[in-house]
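To keep things clear, I will list the structure first and then write my remarks on it.
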Amino acid sequence: MKQYLVLCFILLLGCQLSGQTKFCKVYETRSNLEKRKRLDTAIAPFFFYTSPSMRPYLHSQEAISCYGFLSYFTGGYYLLNLIFVVKLANAPQLYGTIPARGELVVMFLDGKYSKLKASDEVIGRFDKVTESYIYEVQYLMSGNQVKWLEEKSVDRVRVTWSTGYEEYEVFDVDYLVDAFDCIQSHL
């Protein structure tokens with residue numbers, strides 16, 4: 001236990017000395033064809049959701065777990081990548097797909113909101129190991145949206161599925177602010 005506390009203290013001190021308050025990891029790749037630089041933040045939890053009626057059946061598991069990472073491309077282009085892990089056998093019937101240009105409405109703590117669009121239709125693929133349906137979605141961001149997302153705390157998101165939409169409370173309200181800070185510290 002003592003070693004664990006020392007390790008936590010060292011990590012926290014390292015983050016404070018570097019001017020960052022949260023863990024920041026960026027992966028850099030280059031496209032062979034275009035020679036464009038791409039930076040991706042590490043995958044982190046974005047939100048979790050289980051309706052009260054499903055809780056007795058899923059026990060300590062979540063019906064929907066959403067993880068995200070931010071991508072930056074040379075020229076100032078950003079994508080918000082979300083990975084939805086739906087632990088329900090009937091996910092295709094309940095949620096369907098994420099439609100091309102399907103909206104992700106990001107609602108901020110100040111009551112304002114921004115609408116991002118999915119780049120392509122995403123059909124959930126079944127993962128035998130986790131017994132879940134996985135939806136990997138890329139949401140496009142304009143310059144104006146980037147300005148808001150990099151400085152505003154997120155309260156909730158509304159995800160548009162082909163069968164309708166659902167709102168989810170965000171796990172870490174400063175997730176996007178921190179992700180943008182992380183990318184910008186590596187430019």
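By convention here, the chains of the structure tokens are called A, B, ... in the order presented, each chain's residues are numbered starting at 1, and ligands are numbered starting at 1 in the order presented.
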- [ ] Would you please extract all alpha helix (DSSP H) residues from segment 98-186 of chain A, as assigned by DSSP on the backbone, and give them as JSON, numbers by chain?
- [x] {"A": [143, 144, 145, 146, 147, 148, 149, 175, 176, 177, 178, 179, 180, 181, 182, 183, 184]}
Output file for the selection above: N, CA and C atoms, as a PDB file, in the first residue's frame:
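So result06.pdb came out as:
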ATOM      1  N   GLY A 143     -14.010  24.852 -36.894  1.00  0.00           N
ATOM      2  CA  GLY A 143     -13.176  25.763 -36.102  1.00  0.00           C
ATOM      3  C   GLY A 143     -13.928  26.408 -34.958  1.00  0.00           C
ATOM      4  N   ASN A 144     -15.180  26.827 -35.200  1.00  0.00           N
ATOM      5  CA  ASN A 144     -15.980  27.446 -34.136  1.00  0.00           C
ATOM      6  C   ASN A 144     -16.292  26.445 -33.029  1.00  0.00           C
ATOM      7  N   GLN A 145     -16.580  25.204 -33.415  1.00  0.00           N
ATOM      8  CA  GLN A 145     -16.869  24.183 -32.407  1.00  0.00           C
ATOM      9  C   GLN A 145     -15.637  23.904 -31.560  1.00  0.00           C
ATOM     10  N   VAL A 146     -14.467  23.864 -32.193  1.00  0.00           N
ATOM     11  CA  VAL A 146     -13.222  23.629 -31.459  1.00  0.00           C
ATOM     12  C   VAL A 146     -13.041  24.707 -30.401  1.00  0.00           C
ATOM     13  N   LYS A 147     -13.298  25.960 -30.748  1.00  0.00           N
ATOM     14  CA  LYS A 147     -13.129  27.064 -29.792  1.00  0.00           C
ATOM     15  C   LYS A 147     -13.994  26.856 -28.551  1.00  0.00           C
ATOM     16  N   TRP A 148     -15.237  26.414 -28.741  1.00  0.00           N
ATOM     17  CA  TRP A 148     -16.126  26.169 -27.601  1.00  0.00           C
ATOM     18  C   TRP A 148     -15.684  24.943 -26.822  1.00  0.00           C
ATOM     19  N   LEU A 149     -15.417  23.867 -27.529  1.00  0.00           N
ATOM     20  CA  LEU A 149     -15.113  22.593 -26.873  1.00  0.00           C
ATOM     21  C   LEU A 149     -13.823  22.643 -26.070  1.00  0.00           C
ATOM     22  N   TYR A 175     -13.273  16.715 -19.549  1.00  0.00           N
ATOM     23  CA  TYR A 175     -12.612  15.761 -20.433  1.00  0.00           C
ATOM     24  C   TYR A 175     -12.118  16.429 -21.722  1.00  0.00           C
ATOM     25  N   LEU A 176     -12.979  17.168 -22.401  1.00  0.00           N
ATOM     26  CA  LEU A 176     -12.595  17.788 -23.675  1.00  0.00           C
ATOM     27  C   LEU A 176     -11.590  18.914 -23.480  1.00  0.00           C
ATOM     28  N   VAL A 177     -11.767  19.738 -22.456  1.00  0.00           N
ATOM     29  CA  VAL A 177     -10.815  20.815 -22.165  1.00  0.00           C
ATOM     30  C   VAL A 177      -9.430  20.211 -21.950  1.00  0.00           C
ATOM     31  N   ASP A 178      -9.363  19.147 -21.166  1.00  0.00           N
ATOM     32  CA  ASP A 178      -8.078  18.491 -20.893  1.00  0.00           C
ATOM     33  C   ASP A 178      -7.494  17.848 -22.146  1.00  0.00           C
ATOM     34  N   ALA A 179      -8.342  17.234 -22.977  1.00  0.00           N
ATOM     35  CA  ALA A 179      -7.861  16.595 -24.206  1.00  0.00           C
ATOM     36  C   ALA A 179      -7.279  17.635 -25.160  1.00  0.00           C
ATOM     37  N   PHE A 180      -7.941  18.776 -25.305  1.00  0.00           N
ATOM     38  CA  PHE A 180      -7.412  19.846 -26.168  1.00  0.00           C
ATOM     39  C   PHE A 180      -6.104  20.385 -25.602  1.00  0.00           C
ATOM     40  N   ASP A 181      -6.043  20.602 -24.277  1.00  0.00           N
ATOM     41  CA  ASP A 181      -4.790  21.066 -23.654  1.00  0.00           C
ATOM     42  C   ASP A 181      -3.658  20.081 -23.910  1.00  0.00           C
ATOM     43  N   CYS A 182      -3.976  18.814 -23.804  1.00  0.00           N
ATOM     44  CA  CYS A 182      -2.982  17.762 -23.998  1.00  0.00           C
ATOM     45  C   CYS A 182      -2.434  17.811 -25.426  1.00  0.00           C
ATOM     46  N   ILE A 183      -3.326  17.859 -26.412  1.00  0.00           N
ATOM     47  CA  ILE A 183      -2.891  17.924 -27.823  1.00  0.00           C
ATOM     48  C   ILE A 183      -2.055  19.195 -28.046  1.00  0.00           C
ATOM     49  N   GLN A 184      -2.543  20.318 -27.566  1.00  0.00           N
ATOM     50  CA  GLN A 184      -1.859  21.590 -27.822  1.00  0.00           C
ATOM     51  C   GLN A 184      -0.487  21.655 -27.157  1.00  0.00           C
TER      52      GLN A 184
END
Neighbours of segment 57-63 of chain A within 9 Å (only C-alpha atoms; same-chain residues fewer than 3 positions away dropped), as an mmCIF file with N, CA and C atoms, in the first residue's frame?
data_model
loop_
_atom_site.group_PDB
_atom_site.id
_atom_site.type_symbol
_atom_site.label_atom_id
_atom_site.label_comp_id
_atom_site.auth_asym_id
_atom_site.auth_seq_id
_atom_site.Cartn_x
_atom_site.Cartn_y
_atom_site.Cartn_z
ATOM 1 N N PHE A 48 -20.661 6.679 -18.572
ATOM 2 C CA PHE A 48 -21.197 5.338 -18.340
ATOM 3 C C PHE A 48 -22.692 5.501 -18.099
ATOM 4 N N TYR A 49 -23.468 4.509 -18.538
ATOM 5 C CA TYR A 49 -24.910 4.624 -18.333
ATOM 6 C C TYR A 49 -25.541 3.239 -18.190
ATOM 7 N N THR A 50 -26.382 3.116 -17.204
ATOM 8 C CA THR A 50 -27.258 1.957 -17.043
ATOM 9 C C THR A 50 -28.575 2.473 -16.477
ATOM 10 N N SER A 51 -29.660 2.151 -17.137
ATOM 11 C CA SER A 51 -30.961 2.593 -16.628
ATOM 12 C C SER A 51 -31.250 1.846 -15.324
ATOM 13 N N SER A 53 -33.800 0.309 -14.401
ATOM 14 C CA SER A 53 -34.499 -0.962 -14.640
ATOM 15 C C SER A 53 -33.549 -2.081 -15.080
ATOM 16 N N MET A 54 -32.409 -1.719 -15.648
ATOM 17 C CA MET A 54 -31.427 -2.720 -16.104
ATOM 18 C C MET A 54 -30.402 -3.078 -15.026
ATOM 19 N N VAL A 85 -19.430 1.008 -25.952
ATOM 20 C CA VAL A 85 -19.451 -0.422 -25.657
ATOM 21 C C VAL A 85 -20.815 -0.701 -25.030
ATOM 22 N N VAL A 86 -21.678 -1.384 -25.787
ATOM 23 C CA VAL A 86 -23.046 -1.633 -25.339
ATOM 24 C C VAL A 86 -23.163 -3.097 -24.939
ATOM 25 N N LYS A 87 -23.373 -3.329 -23.651
ATOM 26 C CA LYS A 87 -23.378 -4.676 -23.087
ATOM 27 C C LYS A 87 -24.798 -5.226 -23.033
ATOM 28 N N LEU A 88 -25.514 -5.119 -24.122
ATOM 29 C CA LEU A 88 -26.880 -5.616 -24.200
ATOM 30 C C LEU A 88 -26.997 -6.489 -25.450
#
Any idea what's packed within 9 Å of Val26 of chain A, counting only C-alpha atoms, ignoring anything in its chain fewer than 4 positions away? Could you give it as a short mmCIF file (atom, residue, chain, number, x, y, z; two decimals) with C-alpha atoms, in the first residue's frame?
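Below you can see part_1.cif, which holds the result:
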data_model
loop_
_atom_site.label_atom_id
_atom_site.label_comp_id
_atom_site.auth_asym_id
_atom_site.auth_seq_id
_atom_site.Cartn_x
_atom_site.Cartn_y
_atom_site.Cartn_z
CA LEU A 39 -1.82 13.25 -32.88
CA ASP A 40 -4.19 11.16 -30.74
CA THR A 41 -4.76 11.49 -27.02
CA ALA A 42 -4.92 8.33 -24.93
CA CYS A 182 -2.98 17.76 -24.00
CA ILE A 183 -2.89 17.92 -27.82
CA HIS A 186 2.44 18.53 -28.06
#
Task: Spatial neighbours of Glu169 of chain A, 12 Å, only C-alpha atoms, chain gap at least 2 places, as a VMD selection string - done: chain A and resid 46 to 50 64 to 66 105 to 109 154 to 159 166 to 167 171 to 173
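Nearest residue to Phe126 of chain A among A:Thr163, A:Asn90, A:Ser153, A:Gln138 is A:Asn90, counting only C-alpha atoms.
For Met141 of chain A, the non-local neighbours within 8 Å, defined as residues at least 4 positions apart in the same chain or in other chains and counting only C-alpha atoms, are Tyr77, Tyr78, Leu79, Leu80, Leu116, Lys117, Gln145 and Val146 of chain A.
Distance annotation: of A:Lys35, A:Pro99, A:Asp110, A:Tyr168, the residue with the minimal separation from Phe73 of chain A is A:Lys35; atom set is only C-alpha atoms.
Interatomic distance, atom CA of Leu70 of chain A to atom CA of Leu82 of chain A: 8.8 Å.
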- [ ] For Ser119 of chain A, work out the shell of residues within 9 Å, counting only C-alpha atoms and skipping chain neighbours fewer than 2 positions away, then give it as a PyMOL selection string.
- [x] chain A and resi 99-102+117+121+137-140
- [ ] Please run DSSP on the backbone and report, as a ChimeraX atom specification, all residues within segment 8-166 of chain A that come out as strand (DSSP E).
- [x] /A:26-30,37-41,44-49,64-73,77-86,97-98,103-108,113-118,122-123,125-127,132-141,154-161,164-166
TODO: For atom CA of Tyr67 of chain A and atom CA of Ile83 of chain A, determine how far apart the two atoms are, in Å to one decimal place.
DONE: 5.1 Å
Task: Interatomic distance (Å, one decimal) between atom CA of Ser162 of chain A and atom CA of Tyr95 of chain A - done: 6.6 Å
